[in-house]
Structures are given as C-alpha cells and as structure tokens.
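**Q** Just so it is clear, I am handing over structure-v3.pdb, which has PDB, C-alpha atoms.
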MODEL        1
ATOM      1  CA  MET A 167      28.947 -11.949 -17.339
ATOM      2  CA  ILE A 168      27.626 -13.763 -14.270
ATOM      3  CA  SER A 169      25.905 -17.100 -14.973
ATOM      4  CA  ILE A 170      23.482 -18.485 -12.406
ATOM      5  CA  THR A 171      21.869 -21.880 -11.959
ATOM      6  CA  PRO A 172      18.586 -21.185 -10.097
ATOM      7  CA  ASN A 173      18.722 -24.130  -7.702
ATOM      8  CA  GLU A 174      22.233 -23.130  -6.619
ATOM      9  CA  VAL A 175      21.187 -19.638  -5.492
ATOM     10  CA  ALA A 176      19.403 -18.739  -2.258
ATOM     11  CA  PRO A 177      15.695 -18.113  -2.992
ATOM     12  CA  GLY A 178      15.818 -14.568  -1.636
ATOM     13  CA  LYS A 179      18.696 -13.644  -3.928
ATOM     14  CA  LEU A 180      17.054 -15.309  -6.920
ATOM     15  CA  ILE A 181      13.857 -13.347  -6.293
ATOM     16  CA  GLY A 182      15.893 -10.133  -6.375
ATOM     17  CA  TYR A 183      17.395 -10.986  -9.747
ATOM     18  CA  LEU A 184      14.069 -12.024 -11.266
ATOM     19  CA  GLN A 185      12.099  -9.045  -9.971
ATOM     20  CA  SER A 186      14.745  -6.654 -11.254
ATOM     21  CA  ALA A 187      14.953  -8.358 -14.651
ATOM     22  CA  ILE A 188      11.230  -8.893 -15.318
ATOM     23  CA  ALA A 189      10.072  -5.322 -14.913
ATOM     24  CA  PRO A 190       8.177  -3.083 -14.842
ATOM     25  CA  ARG A 191       5.284  -5.262 -13.699
ATOM     26  CA  PRO A 192       1.650  -4.140 -13.291
ATOM     27  CA  ILE A 193       0.166  -4.362  -9.814
ATOM     28  CA  ALA A 194      -2.941  -6.346  -8.918
ATOM     29  CA  PHE A 195      -4.437  -4.773  -5.821
ATOM     30  CA  ALA A 196      -6.474  -7.800  -4.811
ATOM     31  CA  SER A 197      -9.476  -7.523  -2.503
ATOM     32  CA  THR A 198     -10.930 -10.716  -1.074
ATOM     33  CA  VAL A 199     -13.078 -11.873   1.829
ATOM     34  CA  ASP A 200     -12.615 -14.943   3.968
ATOM     35  CA  LYS A 201     -15.315 -17.569   4.447
ATOM     36  CA  ASN A 202     -16.759 -15.476   7.298
ATOM     37  CA  GLY A 203     -16.954 -12.335   5.167
ATOM     38  CA  ASN A 204     -13.949 -10.531   6.690
ATOM     39  CA  PRO A 205     -12.180  -8.334   4.093
ATOM     40  CA  ASN A 206      -8.557  -8.585   3.028
ATOM     41  CA  LEU A 207      -6.557  -6.307   0.739
ATOM     42  CA  SER A 208      -3.093  -6.968  -0.664
ATOM     43  CA  PRO A 209      -1.007  -6.046  -3.745
ATOM     44  CA  PHE A 210       0.704  -8.503  -6.092
ATOM     45  CA  SER A 211       3.102  -7.664  -8.906
ATOM     46  CA  PHE A 212       3.130 -11.131 -10.458
ATOM     47  CA  PHE A 213       0.100 -10.150 -12.550
ATOM     48  CA  ASN A 214      -1.187  -9.557 -16.082
ATOM     49  CA  VAL A 215      -4.093  -9.918 -18.519
ATOM     50  CA  PHE A 216      -4.040 -13.104 -20.616
ATOM     51  CA  SER A 217      -7.296 -13.106 -22.580
ATOM     52  CA  THR A 218     -10.013 -10.698 -23.661
ATOM     53  CA  ASN A 219     -12.737 -13.154 -24.754
ATOM     54  CA  PRO A 220     -13.298 -14.329 -22.112
ATOM     55  CA  PRO A 221     -11.545 -11.566 -20.117
ATOM     56  CA  ILE A 222      -8.964 -13.390 -18.009
ATOM     57  CA  LEU A 223      -6.541 -11.982 -15.459
ATOM     58  CA  VAL A 224      -3.864 -14.044 -13.706
ATOM     59  CA  PHE A 225      -1.999 -13.111 -10.526
ATOM     60  CA  SER A 226       0.198 -15.167  -8.253
ATOM     61  CA  PRO A 227       0.439 -14.999  -4.445
ATOM     62  CA  SER A 228       3.750 -16.737  -3.764
ATOM     63  CA  ARG A 229       4.581 -18.797  -0.726
ATOM     64  CA  ARG A 230       6.640 -16.786   1.754
ATOM     65  CA  VAL A 231      10.321 -17.567   1.424
ATOM     66  CA  ARG A 232      11.134 -17.191   5.119
ATOM     67  CA  ASP A 233       8.679 -19.779   6.475
ATOM     68  CA  ASN A 234       6.905 -21.304   3.449
ATOM     69  CA  SER A 235       3.505 -20.060   4.652
ATOM     70  CA  ILE A 236       0.752 -18.990   2.263
ATOM     71  CA  LYS A 237      -0.956 -15.615   2.112
ATOM     72  CA  HIS A 238      -4.486 -14.774   3.226
ATOM     73  CA  THR A 239      -5.425 -13.792  -0.328
ATOM     74  CA  LEU A 240      -4.707 -17.294  -1.585
ATOM     75  CA  THR A 241      -6.663 -18.913   1.246
ATOM     76  CA  ASN A 242      -9.619 -16.606   0.597
ATOM     77  CA  CYS A 243      -9.610 -17.308  -3.151
ATOM     78  CA  ILE A 244      -9.582 -21.038  -2.442
ATOM     79  CA  ASP A 245     -12.493 -20.722  -0.023
ATOM     80  CA  THR A 246     -14.719 -18.207  -1.846
ATOM     81  CA  ARG A 247     -13.625 -18.280  -5.532
ATOM     82  CA  GLU A 248     -14.089 -14.507  -5.786
ATOM     83  CA  VAL A 249     -11.729 -11.512  -5.961
ATOM     84  CA  VAL A 250     -11.703  -7.873  -7.029
ATOM     85  CA  ILE A 251      -8.616  -6.643  -8.892
ATOM     86  CA  ASN A 252      -8.104  -2.905  -8.410
ATOM     87  CA  VAL A 253      -5.471  -1.090 -10.455
ATOM     88  CA  VAL A 254      -2.939   1.105  -8.685
ATOM     89  CA  ASN A 255      -2.177   4.663  -9.736
ATOM     90  CA  TYR A 256       0.230   7.136  -8.205
ATOM     91  CA  ASP A 257      -2.416   8.687  -5.955
ATOM     92  CA  ILE A 258      -2.674   5.528  -3.831
ATOM     93  CA  VAL A 259       0.793   4.000  -4.133
ATOM     94  CA  GLN A 260       1.834   4.693  -0.515
ATOM     95  CA  GLN A 261      -1.437   3.361   0.894
ATOM     96  CA  MET A 262      -1.139   0.317  -1.353
ATOM     97  CA  SER A 263       2.369  -0.267  -0.041
ATOM     98  CA  LEU A 264       1.183   0.081   3.564
ATOM     99  CA  SER A 265      -1.527  -2.524   2.943
ATOM    100  CA  SER A 266       1.179  -5.062   2.048
ATOM    101  CA  THR A 267       2.343  -5.056   5.662
ATOM    102  CA  GLU A 268       1.757  -8.523   7.056
ATOM    103  CA  PHE A 269      -0.905  -7.618   9.564
ATOM    104  CA  PRO A 270      -2.280 -10.496  11.655
ATOM    105  CA  GLU A 271      -5.223 -12.460  10.326
ATOM    106  CA  GLY A 272      -8.483 -10.625  10.957
ATOM    107  CA  ILE A 273      -6.984  -7.132  10.632
ATOM    108  CA  ASN A 274      -8.793  -5.087   7.994
ATOM    109  CA  GLU A 275      -6.241  -3.644   5.538
ATOM    110  CA  PHE A 276      -8.835  -1.166   4.248
ATOM    111  CA  ILE A 277      -8.864   0.421   7.691
ATOM    112  CA  LYS A 278      -5.105   0.212   8.165
ATOM    113  CA  SER A 279      -4.333   1.758   4.770
ATOM    114  CA  GLY A 280      -7.067   4.382   4.994
ATOM    115  CA  LEU A 281      -8.654   3.260   1.720
ATOM    116  CA  THR A 282     -12.410   3.179   1.207
ATOM    117  CA  PRO A 283     -14.259  -0.133   0.702
ATOM    118  CA  LEU A 284     -16.971   0.033  -1.947
ATOM    119  CA  PRO A 285     -19.575  -2.752  -2.298
ATOM    120  CA  SER A 286     -19.295  -4.771  -5.492
ATOM    121  CA  ASP A 287     -22.275  -5.530  -7.712
ATOM    122  CA  ILE A 288     -21.707  -9.236  -8.364
ATOM    123  CA  VAL A 289     -19.013 -10.620  -6.043
ATOM    124  CA  LYS A 290     -18.694 -10.333  -2.266
ATOM    125  CA  PRO A 291     -15.227  -8.699  -1.959
ATOM    126  CA  PHE A 292     -15.202  -4.914  -1.735
ATOM    127  CA  ARG A 293     -13.722  -2.653  -4.372
ATOM    128  CA  VAL A 294     -11.170   0.056  -3.558
ATOM    129  CA  SER A 295     -13.067   3.291  -4.128
ATOM    130  CA  GLU A 296      -9.871   5.284  -4.788
ATOM    131  CA  SER A 297      -8.693   2.927  -7.545
ATOM    132  CA  PRO A 298      -9.441   4.327 -11.021
ATOM    133  CA  ILE A 299     -10.417   0.919 -12.450
ATOM    134  CA  GLN A 300     -11.886  -1.962 -10.427
ATOM    135  CA  MET A 301     -12.601  -5.418 -11.853
ATOM    136  CA  GLU A 302     -14.940  -7.876 -10.172
ATOM    137  CA  CYS A 303     -13.783 -11.423 -10.855
ATOM    138  CA  ILE A 304     -14.685 -15.028 -10.259
ATOM    139  CA  VAL A 305     -11.850 -17.512  -9.794
ATOM    140  CA  ASN A 306     -11.829 -20.133 -12.554
ATOM    141  CA  ASP A 307      -8.782 -22.075 -11.423
ATOM    142  CA  ILE A 308      -5.851 -22.033  -9.019
ATOM    143  CA  ILE A 309      -2.639 -23.734 -10.114
ATOM    144  CA  PRO A 310       0.085 -24.288  -7.476
ATOM    145  CA  LEU A 311       3.576 -24.115  -9.004
ATOM    146  CA  GLY A 312       5.477 -25.739  -6.154
ATOM    147  CA  THR A 313       5.538 -26.541  -2.464
ATOM    148  CA  GLU A 314       8.630 -24.653  -1.294
ATOM    149  CA  GLY A 315       9.058 -21.046  -0.180
ATOM    150  CA  GLY A 316       8.876 -18.700  -3.162
ATOM    151  CA  ALA A 317       6.626 -20.989  -5.216
ATOM    152  CA  GLY A 318       3.782 -19.193  -6.942
ATOM    153  CA  ASN A 319       0.097 -20.017  -7.130
ATOM    154  CA  LEU A 320      -1.550 -18.939 -10.372
ATOM    155  CA  ILE A 321      -5.018 -17.581  -9.642
ATOM    156  CA  ILE A 322      -6.887 -17.478 -12.938
ATOM    157  CA  CYS A 323      -9.729 -14.967 -12.753
ATOM    158  CA  GLU A 324     -12.548 -14.155 -15.133
ATOM    159  CA  VAL A 325     -13.695 -10.542 -15.122
ATOM    160  CA  VAL A 326     -17.470 -10.312 -14.689
ATOM    161  CA  LYS A 327     -17.791  -6.539 -14.238
ATOM    162  CA  ILE A 328     -15.522  -3.522 -14.757
ATOM    163  CA  HIS A 329     -15.885  -0.152 -13.020
ATOM    164  CA  ILE A 330     -14.060   2.848 -14.520
ATOM    165  CA  ASN A 331     -13.721   6.326 -13.058
ATOM    166  CA  GLU A 332     -14.841   8.718 -15.804
ATOM    167  CA  ALA A 333     -12.187  11.236 -14.730
ATOM    168  CA  ILE A 334      -9.479   9.121 -16.416
ATOM    169  CA  LEU A 335     -11.215   9.000 -19.822
ATOM    170  CA  ASP A 336     -10.453  11.266 -22.767
ATOM    171  CA  GLU A 337     -13.039  13.013 -24.936
ATOM    172  CA  ASN A 338     -13.569   9.787 -26.907
ATOM    173  CA  GLY A 339     -14.258   7.676 -23.825
ATOM    174  CA  ILE A 340     -10.848   5.958 -24.007
ATOM    175  CA  VAL A 341      -8.590   5.569 -20.967
ATOM    176  CA  ASP A 342      -6.071   8.431 -21.034
ATOM    177  CA  GLN A 343      -2.716   7.027 -19.926
ATOM    178  CA  TYR A 344      -1.616  10.386 -18.542
ATOM    179  CA  LYS A 345      -4.781  10.800 -16.509
ATOM    180  CA  ILE A 346      -4.836   7.270 -15.090
ATOM    181  CA  ASP A 347      -1.198   7.705 -13.975
ATOM    182  CA  LEU A 348      -0.531   4.004 -13.342
ATOM    183  CA  VAL A 349       2.406   2.722 -11.333
ATOM    184  CA  SER A 350       4.308  -0.520 -11.802
ATOM    185  CA  ARG A 351       6.754  -2.558  -9.751
ATOM    186  CA  LEU A 352      10.452  -3.137 -10.331
ATOM    187  CA  GLY A 353      13.171  -4.645  -8.147
ATOM    188  CA  ASN A 354      13.987  -3.662  -4.553
ATOM    189  CA  ASN A 355      12.210  -0.414  -3.574
ATOM    190  CA  TRP A 356      11.767   0.811  -7.131
ATOM    191  CA  TYR A 357       8.522   1.657  -8.894
ATOM    192  CA  SER A 358       7.772   3.276 -12.227
ATOM    193  CA  ARG A 359       5.204   6.003 -12.775
ATOM    194  CA  SER A 360       3.862   5.577 -16.295
ATOM    195  CA  ASN A 361       3.792   9.257 -17.184
ATOM    196  CA  GLN A 362       6.963  10.372 -15.369
ATOM    197  CA  GLY A 363       9.512   7.657 -14.562
ATOM    198  CA  LEU A 364      11.233   5.904 -11.656
ATOM    199  CA  PHE A 365      10.690   6.564  -7.974
ATOM    200  CA  GLU A 366      11.234   4.679  -4.720
ATOM    201  CA  VAL A 367       8.815   3.535  -2.048
ATOM    202  CA  PRO A 368      10.542   2.082   1.014
ATOM    203  CA  LYS A 369       9.274  -1.409   1.723
ATOM    204  CA  PRO A 370       6.795  -1.679   4.606
ATOM    205  CA  LEU A 371       8.337  -2.437   7.958
ATOM    206  CA  SER A 372       9.037  -6.055   8.800
ATOM    207  CA  ASN A 373       7.256  -5.167  12.019
ATOM    208  CA  ILE A 374       3.767  -3.674  11.986
ATOM    209  CA  GLY A 375       3.264   0.037  11.403
ATOM    210  CA  ILE A 376       0.646   2.010  13.301
ATOM    211  CA  GLY A 377      -1.669   2.271  10.281
ATOM    212  CA  VAL A 378      -3.671   5.215   8.957
ATOM    213  CA  ASP A 379      -6.427   4.463  11.475
ATOM    214  CA  ALA A 380      -4.066   5.459  14.316
ATOM    215  CA  ILE A 381      -3.332   8.885  12.855
ATOM    216  CA  PRO A 382      -5.131  11.736  14.692
ATOM    217  CA  GLU A 383      -8.290  12.942  12.980
ATOM    218  CA  TYR A 384      -7.041  16.515  12.621
ATOM    219  CA  ILE A 385      -4.218  15.187  10.431
ATOM    220  CA  LYS A 386      -6.419  12.844   8.392
ATOM    221  CA  GLU A 387      -8.963  15.589   7.801
ATOM    222  CA  SER A 388      -6.385  18.194   6.799
ATOM    223  CA  LYS A 389      -6.420  19.350   3.172
ATOM    224  CA  ILE A 390      -2.620  19.600   3.302
ATOM    225  CA  PHE A 391      -2.077  15.841   3.290
ATOM    226  CA  ASP A 392      -3.067  13.436   0.534
ATOM    227  CA  GLY A 393      -3.437   9.656   0.645
ATOM    228  CA  ASN A 394       0.241   9.095  -0.057
ATOM    229  CA  ASP A 395       1.176  11.308   2.895
ATOM    230  CA  LEU A 396      -1.140   9.352   5.175
ATOM    231  CA  GLY A 397       0.332   6.098   3.888
ATOM    232  CA  LYS A 398       3.817   7.285   4.844
ATOM    233  CA  LEU A 399       2.697   8.466   8.278
ATOM    234  CA  GLY A 400       0.916   5.162   8.923
ATOM    235  CA  ASN A 401       3.961   3.093   8.038
ATOM    236  CA  ILE A 402       5.958   4.152  11.091
ATOM    237  CA  GLU A 403       6.368   1.457  13.725
ATOM    238  CA  CYS A 404       6.748   3.699  16.757
ATOM    239  CA  LEU A 405       5.862   7.330  17.397
ATOM    240  CA  PRO A 406       8.664   9.601  18.619
ATOM    241  CA  THR A 407       8.928  10.107  22.350
ATOM    242  CA  THR A 408       8.409  13.464  24.053
ATOM    243  CA  GLU A 409      12.159  13.608  24.707
ATOM    244  CA  GLU A 410      12.947  12.977  21.024
ATOM    245  CA  ILE A 411      10.530  15.724  19.996
ATOM    246  CA  ASN A 412      11.996  18.206  22.495
ATOM    247  CA  ILE A 413      15.532  17.526  21.249
ATOM    248  CA  PHE A 414      14.383  17.924  17.646
ATOM    249  CA  VAL A 415      12.642  21.235  18.325
ATOM    250  CA  SER A 416      15.325  22.721  20.584
ATOM    251  CA  GLY A 417      18.003  22.250  17.959
ATOM    252  CA  ASN A 418      15.992  23.623  15.044
ATOM    253  CA  PHE A 419      15.304  27.376  14.913
ATOM    254  CA  VAL A 420      13.104  27.061  11.828
ATOM    255  CA  ILE A 421      10.836  24.563  13.570
ATOM    256  CA  LYS A 422      10.722  26.767  16.660
ATOM    257  CA  GLY A 423       9.546  29.639  14.506
ATOM    258  CA  VAL A 424       6.864  27.550  12.806
ATOM    259  CA  LEU A 425       5.573  26.221  16.114
ATOM    260  CA  SER A 426       5.591  29.649  17.759
ATOM    261  CA  SER A 427       3.206  30.897  15.084
ATOM    262  CA  ASP A 428       0.610  28.434  16.399
ATOM    263  CA  ASP A 429      -0.661  28.255  12.816
ATOM    264  CA  ASP A 430      -1.857  24.721  12.041
ATOM    265  CA  LYS A 431      -1.491  25.258   8.299
ATOM    266  CA  LYS A 432       2.138  26.377   8.597
ATOM    267  CA  ILE A 433       2.932  23.473  10.901
ATOM    268  CA  GLN A 434       1.350  20.949   8.565
ATOM    269  CA  LEU A 435       3.062  22.446   5.511
ATOM    270  CA  LYS A 436       6.400  22.059   7.267
ATOM    271  CA  ALA A 437       5.558  18.429   8.040
ATOM    272  CA  LYS A 438       4.586  18.006   4.386
ATOM    273  CA  GLU A 439       8.066  19.178   3.380
ATOM    274  CA  TYR A 440       9.606  16.405   5.447
ATOM    275  CA  LEU A 441       7.208  13.848   3.957
ATOM    276  CA  ASN A 442       8.142  14.974   0.444
ATOM    277  CA  ASN A 443      11.736  14.169   1.385
ATOM    278  CA  ASN A 444      10.684  10.806   2.881
ATOM    279  CA  ASP A 445      11.705  11.929   6.373
ATOM    280  CA  VAL A 446       8.625  10.539   8.078
ATOM    281  CA  LEU A 447      10.005  10.628  11.620
ATOM    282  CA  SER A 448      10.715  14.373  11.422
ATOM    283  CA  ALA A 449       7.253  14.962   9.969
ATOM    284  CA  TRP A 450       5.733  13.217  12.991
ATOM    285  CA  LYS A 451       7.893  15.263  15.373
ATOM    286  CA  VAL A 452       6.601  18.481  13.830
ATOM    287  CA  LEU A 453       2.985  17.348  13.926
ATOM    288  CA  LEU A 454       3.130  16.080  17.501
ATOM    289  CA  ALA A 455       5.090  18.979  18.956
ATOM    290  CA  LYS A 456       1.966  20.858  19.957
ATOM    291  CA  ASN A 457       0.377  20.589  23.391
ATOM    292  CA  ASN A 458      -2.002  17.801  22.399
ATOM    293  CA  TYR A 459       0.916  15.449  21.776
ATOM    294  CA  GLY A 460       0.980  14.011  25.303
ATOM    295  CA  SER A 461      -2.695  13.054  25.384
ATOM    296  CA  PHE A 462      -2.507  11.501  21.930
ATOM    297  CA  ARG A 463       0.556   9.462  22.779
ATOM    298  CA  LYS A 464      -1.085   8.144  25.923
ATOM    299  CA  SER A 465      -4.237   7.103  24.057
ATOM    300  CA  LYS A 466      -2.223   5.381  21.335
ATOM    301  CA  SER A 467       0.617   3.943  23.397
ATOM    302  CA  SER A 468      -0.227   0.384  22.363
ATOM    303  CA  TRP A 469       0.850   1.246  18.796
ATOM    304  CA  CYS A 470       4.421   1.934  19.906
ATOM    305  CA  ARG A 471       6.188  -1.372  19.384
ATOM    306  CA  THR A 472       9.691  -0.638  20.574
ATOM    307  CA  THR A 473       9.523   2.362  22.898
ATOM    308  CA  SER A 474       7.591   2.509  26.138
TER     309      SER A 474
ENDMDL
END
If you convert what's in this file into structure tokens, what do you get?
**A**
Amino acid sequence: MISITPNEVAPGKLIGYLQSAIAPRPIAFASTVDKNGNPNLSPFSFFNVFSTNPPILVFSPSRRVRDNSIKHTLTNCIDTREVVINVVNYDIVQQMSLSSTEFPEGINEFIKSGLTPLPSDIVKPFRVSESPIQMECIVNDIIPLGTEGGAGNLIICEVVKIHINEAILDENGIVDQYKIDLVSRLGNNWYSRSNQGLFEVPKPLSNIGIGVDAIPEYIKESKIFDGNDLGKLGNIECLPTTEEINIFVSGNFVIKGVLSSDDDKKIQLKAKEYLNNNDVLSAWKVLLAKNNYGSFRKSKSSWCRTTS
C-alpha cells in the first residue's frame, strides 16, 4: 500500500488522488453575475446539500493550482451574494463541460456553451433553462480554506426558490431518478450517469475552443444533433483546413459516397457517427466538406488558434 503525506506531494497529484477517491460527486452548475450584471456560468464538483431547514447548499471554487488565481464565480459571489445552482443531467453534460473552459473575463458562457439563460424570480443570476432542477440562492457566508493554489472557498448558499421540470416527476409528483438522469464527477475524465454507469468526457482544451456560438446555424438548427453533440463540436480549438478536409475525403470512399449524395441528412448522420465515437475532428471534416466550407472558414478565421 502507498502511504502519502499531503504536504509532501505536488498539489496537482494530490488533487488527482482526492478526486478519484471522493467520488462520485454531484455537480453544481453555478450561474452568477458580476457587479455590472454580466453573466457567468461554471460547474463545480466540490458540492453537496448540508441542511433542509433552512435549505443549505455548499460548493467550493478552489484557487487555481497553476497560478493561485481565483475564479470569476467566487468574485461574483463575494460582490453580489447571489447564485443559481443548476443540476446537471446527461442531456447537457457536454455543454456543461464546455462552459468550464477558462474563457476570458466578460465572455458569456451561456453563449459559448449554447445553453439558454432564463430569468430568475428572486435573484439576479440567470437559470439554465435546460437544467431539470434550478435553485435560486442567496449567499450566507464564504469561508476561505487557505491562500495557496488548490485551496477551497466554501460558499454557503440558502435556497430561496426551486424550479423543477415536471417531465422528471413520477405519477406521485416525486423526482424520478431514471427520468432526471443525473451525472456526477469522478477522477480524471470520468463521469457517472446515475441510471447507466461510467463514461468519459475529455477535459476542455487548455486553450479556448470555438464555442457553440461559432458553429454554423444549419448545424445548430439540425434535428440530427443534440446539445451534447454541439458541446463536442464547440470544444475544438481550430477548424480543419481545406487541405486536411481534402485529404480526409480523398482517402475515404464511404465519405465520398455520402458527400456525392448531396443529402444533408445523410451527411449529418455520418458526422453524428463520428461524434458518437468522440472523433470530433472527423465530424467537422464531414460537415465542412461541402461547398460552403470556404466561406464559413473565412468568416470564422479568428476562431482558429493554431492554424492560419
């Protein structure tokens, strides 16, 4: 058996051990606004319910290990003392993951993740419309647990209003655990789906993905792709070049056949197959192989971080 003294282990390695050992963990999808009213959305897996009367939730935005900076959510909770905690089910797990990308301050994660902001009744932060349960909260207290990278900050929230999607209730008005289909966080890339089991979601890029807002409308409006598909497509840092697409198509007779049909549904279904196998780059190559690729790439060239 390996024995570890915490202060003798690098913080990043210690985090890996702890997150793998204390799991599965529920996910607080926290929506806040800054002092100027700009929205922010970010998930946290250091989270749970700690009281029912009064109803108290606690989540912890930790200091970043790499540079000891604090997260926008913590700053916003300090400034406004309000937050909405949205629960995460399988239907939005990829968009939730995309929202955890460290976009620059002022970037709206609702827009980037393709999720819908819904006005709250009591607090200023928006709710996530796609979340099956949304809890408006006031912040009662914030307790810093340290000053070094990796130190948590306990945000103690009191629930002042709960919104529940009736579609997840059973005939007795009780939350049906199969219908709500919650997901939870484990170590590394692993998640757990409450009614099925383990699955992986690759961590968002260390660099910034293009976001759902940069995906062409014909893809976003397609009935073939769901929110998780859009989350995967939006988490790519750089779109494939015309040369990369041509090489991909020329060496693949199946793709040539699909493209020659000029049937948008067939093309999108083929891209969906790649997405189901987590091959996002190939999915993009299929989708952008049509004639409108060049004009789209030109209009969105600023989203390509590493390729001119």
**Q** Name every residue that the PyMOL selection byres ((chain A and resi 423-426) around 12) selects in this structure, writing the answer as a list in words with chains first and numbers rising.
**A**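 Answer for the PyMOL selection byres ((chain A and resi 423-426) around 12): Val415, Ser416, Gly417, Asn418, Phe419, Val420, Ile421, Lys422, Ser427, Asp428, Asp429, Asp430, Lys431, Lys432, Ile433, Gln434, Leu435, Lys436, Ala437, Lys451, Val452, Leu453, Leu454, Ala455, Lys456 and Asn457 of chain A.
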**Q** Give the answer as one residue: which of A:Val231, A:Ile222, A:Leu240, A:Ala333 has the shortest atom-to-atom distance to A:Glu302, using all atoms listed in the file?
**A**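 Among the listed residues, the smallest separation from A:Glu302 belongs to A:Ile222.
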**Q** Find, counting all atoms listed in the file, the residue in A:Ile376, A:Ile390, A:Ile322, A:Leu447 that gets nearest to A:Thr407.
**A** A:Leu447
**Q** Which residue gives the smallest distance to A:Glu439 among A:Phe391, A:Pro298, A:Tyr357, A:Ser211, with all atoms listed in the file counted?
**A**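 Residue with the minimum atom-to-atom distance to A:Glu439: A:Phe391.
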**Q** Please enumerate the residues selected by the PyMOL selection byres ((chain A and resi 398) around 9) when evaluated against the supplied file, formatted as a PDB file with C-alpha atoms, in the coordinates of the input.
**A**
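Result written to expr.pdb:
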ATOM      1  CA  GLN A 260       1.834   4.693  -0.515  1.00  0.00           C
ATOM      2  CA  GLN A 261      -1.437   3.361   0.894  1.00  0.00           C
ATOM      3  CA  LEU A 264       1.183   0.081   3.564  1.00  0.00           C
ATOM      4  CA  VAL A 378      -3.671   5.215   8.957  1.00  0.00           C
ATOM      5  CA  GLY A 393      -3.437   9.656   0.645  1.00  0.00           C
ATOM      6  CA  ASN A 394       0.241   9.095  -0.057  1.00  0.00           C
ATOM      7  CA  ASP A 395       1.176  11.308   2.895  1.00  0.00           C
ATOM      8  CA  LEU A 396      -1.140   9.352   5.175  1.00  0.00           C
ATOM      9  CA  GLY A 397       0.332   6.098   3.888  1.00  0.00           C
ATOM     10  CA  LEU A 399       2.697   8.466   8.278  1.00  0.00           C
ATOM     11  CA  GLY A 400       0.916   5.162   8.923  1.00  0.00           C
ATOM     12  CA  ASN A 401       3.961   3.093   8.038  1.00  0.00           C
ATOM     13  CA  ILE A 402       5.958   4.152  11.091  1.00  0.00           C
ATOM     14  CA  LEU A 441       7.208  13.848   3.957  1.00  0.00           C
ATOM     15  CA  ASN A 444      10.684  10.806   2.881  1.00  0.00           C
ATOM     16  CA  VAL A 446       8.625  10.539   8.078  1.00  0.00           C
TER      17      VAL A 446
END
**Q** Would you save stretch 171-186 of chain A from the block above with N, CA and C atoms, as an mmCIF file, in the first residue's frame?
**A**
data_model
loop_
_atom_site.group_PDB
_atom_site.id
_atom_site.type_symbol
_atom_site.label_atom_id
_atom_site.label_comp_id
_atom_site.auth_asym_id
_atom_site.auth_seq_id
_atom_site.Cartn_x
_atom_site.Cartn_y
_atom_site.Cartn_z
ATOM 1 N N THR A 171 1.873 11.594 2.561
ATOM 2 C CA THR A 171 1.714 12.765 3.432
ATOM 3 C C THR A 171 1.376 13.939 2.523
ATOM 4 N N PRO A 172 0.190 14.555 2.682
ATOM 5 C CA PRO A 172 -0.284 15.558 1.719
ATOM 6 C C PRO A 172 0.710 16.660 1.385
ATOM 7 N N ASN A 173 1.392 17.204 2.387
ATOM 8 C CA ASN A 173 2.279 18.335 2.108
ATOM 9 C C ASN A 173 3.590 17.915 1.446
ATOM 10 N N GLU A 174 3.751 16.610 1.213
ATOM 11 C CA GLU A 174 4.956 16.130 0.536
ATOM 12 C C GLU A 174 4.673 15.715 -0.908
ATOM 13 N N VAL A 175 3.421 15.962 -1.349
ATOM 14 C CA VAL A 175 3.008 15.600 -2.701
ATOM 15 C C VAL A 175 2.664 16.871 -3.470
ATOM 16 N N ALA A 176 3.022 16.913 -4.738
ATOM 17 C CA ALA A 176 2.663 18.070 -5.569
ATOM 18 C C ALA A 176 1.146 18.248 -5.568
ATOM 19 N N PRO A 177 0.670 19.511 -5.463
ATOM 20 C CA PRO A 177 -0.778 19.743 -5.389
ATOM 21 C C PRO A 177 -1.574 19.101 -6.514
ATOM 22 N N GLY A 178 -1.044 19.152 -7.743
ATOM 23 C CA GLY A 178 -1.762 18.553 -8.859
ATOM 24 C C GLY A 178 -1.948 17.057 -8.697
ATOM 25 N N LYS A 179 -0.935 16.382 -8.186
ATOM 26 C CA LYS A 179 -1.031 14.937 -7.976
ATOM 27 C C LYS A 179 -1.978 14.623 -6.830
ATOM 28 N N LEU A 180 -1.928 15.431 -5.786
ATOM 29 C CA LEU A 180 -2.820 15.226 -4.640
ATOM 30 C C LEU A 180 -4.275 15.401 -5.054
ATOM 31 N N ILE A 181 -4.540 16.400 -5.886
ATOM 32 C CA ILE A 181 -5.902 16.618 -6.381
ATOM 33 C C ILE A 181 -6.398 15.368 -7.110
ATOM 34 N N GLY A 182 -5.536 14.768 -7.924
ATOM 35 C CA GLY A 182 -5.912 13.567 -8.655
ATOM 36 C C GLY A 182 -6.310 12.435 -7.734
ATOM 37 N N TYR A 183 -5.530 12.231 -6.675
ATOM 38 C CA TYR A 183 -5.865 11.179 -5.713
ATOM 39 C C TYR A 183 -7.203 11.467 -5.027
ATOM 40 N N LEU A 184 -7.369 12.700 -4.560
ATOM 41 C CA LEU A 184 -8.577 13.044 -3.813
ATOM 42 C C LEU A 184 -9.824 12.962 -4.687
ATOM 43 N N GLN A 185 -9.737 13.479 -5.907
ATOM 44 C CA GLN A 185 -10.910 13.475 -6.780
ATOM 45 C C GLN A 185 -11.281 12.069 -7.217
ATOM 46 N N SER A 186 -10.307 11.181 -7.290
ATOM 47 C CA SER A 186 -10.602 9.797 -7.641
ATOM 48 C C SER A 186 -11.136 9.011 -6.452
#
